[in-house]
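Student: I'm passing along entry-v1.pdb; it holds PDB, C-alpha atoms.
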MODEL        1
ATOM      1  CA  MET A  25      40.755  62.705 -30.760  1.00  0.00           C
ATOM      2  CA  ARG A  26      43.000  65.609 -29.856  1.00  0.00           C
ATOM      3  CA  PHE A  27      46.591  65.652 -30.976  1.00  0.00           C
ATOM      4  CA  ASP A  28      48.834  67.813 -28.818  1.00  0.00           C
ATOM      5  CA  GLY A  29      52.202  66.554 -30.099  1.00  0.00           C
ATOM      6  CA  SER A  30      53.241  64.713 -26.976  1.00  0.00           C
ATOM      7  CA  ARG A  31      51.788  61.376 -27.984  1.00  0.00           C
ATOM      8  CA  LEU A  32      51.327  59.965 -31.464  1.00  0.00           C
ATOM      9  CA  PRO A  33      47.928  58.516 -32.306  1.00  0.00           C
ATOM     10  CA  GLU A  34      47.494  54.825 -32.876  1.00  0.00           C
ATOM     11  CA  PRO A  35      48.073  53.681 -36.490  1.00  0.00           C
ATOM     12  CA  THR A  36      44.682  51.976 -36.633  1.00  0.00           C
ATOM     13  CA  ALA A  37      42.963  55.232 -35.712  1.00  0.00           C
ATOM     14  CA  LEU A  38      44.698  56.952 -38.629  1.00  0.00           C
ATOM     15  CA  MET A  39      43.606  54.251 -41.053  1.00  0.00           C
ATOM     16  CA  GLU A  40      39.974  54.548 -40.003  1.00  0.00           C
ATOM     17  CA  CYS A  41      39.947  58.283 -40.725  1.00  0.00           C
ATOM     18  CA  ARG A  42      41.196  57.819 -44.291  1.00  0.00           C
ATOM     19  CA  GLU A  43      38.399  55.511 -45.464  1.00  0.00           C
ATOM     20  CA  MET A  44      35.880  56.901 -47.900  1.00  0.00           C
ATOM     21  CA  PRO A  45      32.348  57.341 -46.536  1.00  0.00           C
ATOM     22  CA  LYS A  46      29.657  55.004 -47.749  1.00  0.00           C
ATOM     23  CA  LEU A  47      27.546  56.124 -50.687  1.00  0.00           C
ATOM     24  CA  LYS A  48      23.873  56.143 -49.875  1.00  0.00           C
ATOM     25  CA  ASN A  49      21.016  55.540 -52.278  1.00  0.00           C
ATOM     26  CA  LYS A  50      18.263  58.102 -52.438  1.00  0.00           C
ATOM     27  CA  SER A  51      15.277  56.819 -50.479  1.00  0.00           C
ATOM     28  CA  SER A  52      12.796  58.626 -52.696  1.00  0.00           C
ATOM     29  CA  ALA A  53      14.312  57.083 -55.842  1.00  0.00           C
ATOM     30  CA  LYS A  54      14.020  53.589 -54.382  1.00  0.00           C
ATOM     31  CA  LYS A  55      10.270  54.133 -54.134  1.00  0.00           C
ATOM     32  CA  ARG A  56       9.865  55.576 -57.639  1.00  0.00           C
ATOM     33  CA  PHE A  57      12.126  53.450 -59.841  1.00  0.00           C
ATOM     34  CA  LYS A  58      12.928  49.761 -60.196  1.00  0.00           C
ATOM     35  CA  ILE A  59      15.768  48.144 -62.129  1.00  0.00           C
ATOM     36  CA  THR A  60      14.588  45.371 -64.457  1.00  0.00           C
ATOM     37  CA  GLY A  61      16.441  42.118 -65.032  1.00  0.00           C
ATOM     38  CA  LYS A  62      18.133  43.527 -68.124  1.00  0.00           C
ATOM     39  CA  GLY A  63      19.261  46.651 -66.269  1.00  0.00           C
ATOM     40  CA  LYS A  64      16.654  49.077 -67.577  1.00  0.00           C
ATOM     41  CA  VAL A  65      14.831  51.535 -65.336  1.00  0.00           C
ATOM     42  CA  ARG A  66      11.094  51.066 -64.881  1.00  0.00           C
ATOM     43  CA  PHE A  67       8.833  53.843 -63.591  1.00  0.00           C
ATOM     44  CA  TYR A  68       5.148  54.599 -63.190  1.00  0.00           C
ATOM     45  CA  SER A  69       3.502  57.673 -64.651  1.00  0.00           C
ATOM     46  CA  ALA A  70       2.329  60.649 -62.669  1.00  0.00           C
ATOM     47  CA  TYR A  71      -1.072  62.416 -62.734  1.00  0.00           C
ATOM     48  CA  LEU A  72      -3.174  59.329 -62.030  1.00  0.00           C
ATOM     49  CA  ARG A  73      -3.691  59.588 -58.270  1.00  0.00           C
ATOM     50  CA  HIS A  74      -6.538  62.074 -57.983  1.00  0.00           C
ATOM     51  CA  ASN A  75      -8.573  64.542 -60.080  1.00  0.00           C
ATOM     52  CA  THR A  76      -8.702  62.010 -62.881  1.00  0.00           C
ATOM     53  CA  SER A  77     -12.192  63.067 -63.868  1.00  0.00           C
ATOM     54  CA  ASN A  78     -10.645  66.223 -65.358  1.00  0.00           C
ATOM     55  CA  ARG A  79      -8.135  64.312 -67.476  1.00  0.00           C
ATOM     56  CA  PRO A  80      -8.740  62.914 -70.961  1.00  0.00           C
ATOM     57  CA  MET A  81      -9.472  59.213 -71.281  1.00  0.00           C
ATOM     58  CA  GLN A  82      -6.582  58.765 -73.707  1.00  0.00           C
ATOM     59  CA  MET A  83      -4.129  60.091 -71.118  1.00  0.00           C
ATOM     60  CA  LYS A  84      -5.481  57.760 -68.452  1.00  0.00           C
ATOM     61  CA  ARG A  85      -5.225  54.783 -70.807  1.00  0.00           C
ATOM     62  CA  GLN A  86      -1.673  55.530 -71.916  1.00  0.00           C
ATOM     63  CA  ASN A  87      -0.400  56.059 -68.375  1.00  0.00           C
ATOM     64  CA  ARG A  88      -1.604  52.729 -67.013  1.00  0.00           C
ATOM     65  CA  GLY A  89       1.076  50.276 -65.933  1.00  0.00           C
ATOM     66  CA  GLY A  90       4.813  50.835 -65.839  1.00  0.00           C
ATOM     67  CA  GLN A  91       7.005  52.273 -68.535  1.00  0.00           C
ATOM     68  CA  ILE A  92      10.665  51.880 -69.451  1.00  0.00           C
ATOM     69  CA  MET A  93      12.708  55.045 -69.081  1.00  0.00           C
ATOM     70  CA  ALA A  94      14.726  56.434 -71.998  1.00  0.00           C
ATOM     71  CA  ASP A  95      18.394  55.449 -71.973  1.00  0.00           C
ATOM     72  CA  CYS A  96      19.746  58.970 -71.459  1.00  0.00           C
ATOM     73  CA  ASP A  97      17.503  59.533 -68.428  1.00  0.00           C
ATOM     74  CA  ALA A  98      18.049  56.014 -67.074  1.00  0.00           C
ATOM     75  CA  ARG A  99      21.801  56.574 -67.058  1.00  0.00           C
ATOM     76  CA  ILE A 100      21.348  59.631 -64.809  1.00  0.00           C
ATOM     77  CA  VAL A 101      19.018  57.789 -62.429  1.00  0.00           C
ATOM     78  CA  LYS A 102      21.310  54.781 -62.091  1.00  0.00           C
ATOM     79  CA  ARG A 103      24.474  56.835 -61.646  1.00  0.00           C
ATOM     80  CA  ASN A 104      23.189  59.428 -59.174  1.00  0.00           C
ATOM     81  CA  PHE A 105      20.239  57.902 -57.339  1.00  0.00           C
ATOM     82  CA  LEU A 106      20.389  54.085 -57.437  1.00  0.00           C
ATOM     83  CA  ARG A 107      24.017  53.179 -56.796  1.00  0.00           C
ATOM     84  CA  ALA A 108      23.360  49.563 -55.891  1.00  0.00           C
TER      85      ALA A 108
ENDMDL
END
Show me the file's structure as structure tokens.

Tutor:
Amino acid sequence: MRFDGSRLPEPTALMECREMPKLKNKSSAKKRFKITGKGKVRFYSAYLRHNTSNRPMQMKRQNRGGQIMADCDARIVKRNFLRA
């Protein structure tokens, strides 16, 4: 919309310009983290996709299943990446 001074813009057009843009979630974070029922962040460990024959058995055992993220890190993930 071009404003040349001869005609004032419609008031509804002005109101639409002043709205804040929507905040988007990070698509990659949606795939990596889940929020539990109590609000904690659950994640799955890395280094278990391929080349596991070179990794110690203890590491493979401990990284099975999901884990709960530490509170200080979970706060960052929820604030910046999962704004739902």

Student: Applying the PyMOL selection byres ((chain A and resi 102) around 10) to the file I just gave you, which residues come out? Please list them as an MDAnalysis selection string.

Tutor: chainID A and resid 49 53 57:59 63:65 97:101 103:108

Student: Translate the PyMOL selection byres ((chain A and resi 72) around 12), as applied to the file shown, into an explicit residue set as a ChimeraX atom specification.

Tutor: /A:68-71,73-81,83-89

Student: Which value, in Å to one decimal, gives the distance between atom CA of A:Gly90 and atom CA of A:Ser52?

Tutor: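 Between atom CA of A:Gly90 and atom CA of A:Ser52 the gap works out to 17.2 Å.
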
Student: Have a look at atom CA of A:Cys96 and atom CA of A:Pro45 and let me know their distance in Å, one decimal.

Tutor: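 Between atom CA of A:Cys96 and atom CA of A:Pro45 the gap works out to 28.0 Å.
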
Student: Interatomic distance between atom CA of A:Ser51 and atom CA of A:Asp95?

Tutor: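 We find that atom CA of A:Ser51 and atom CA of A:Asp95 lie 21.8 Å from each other.
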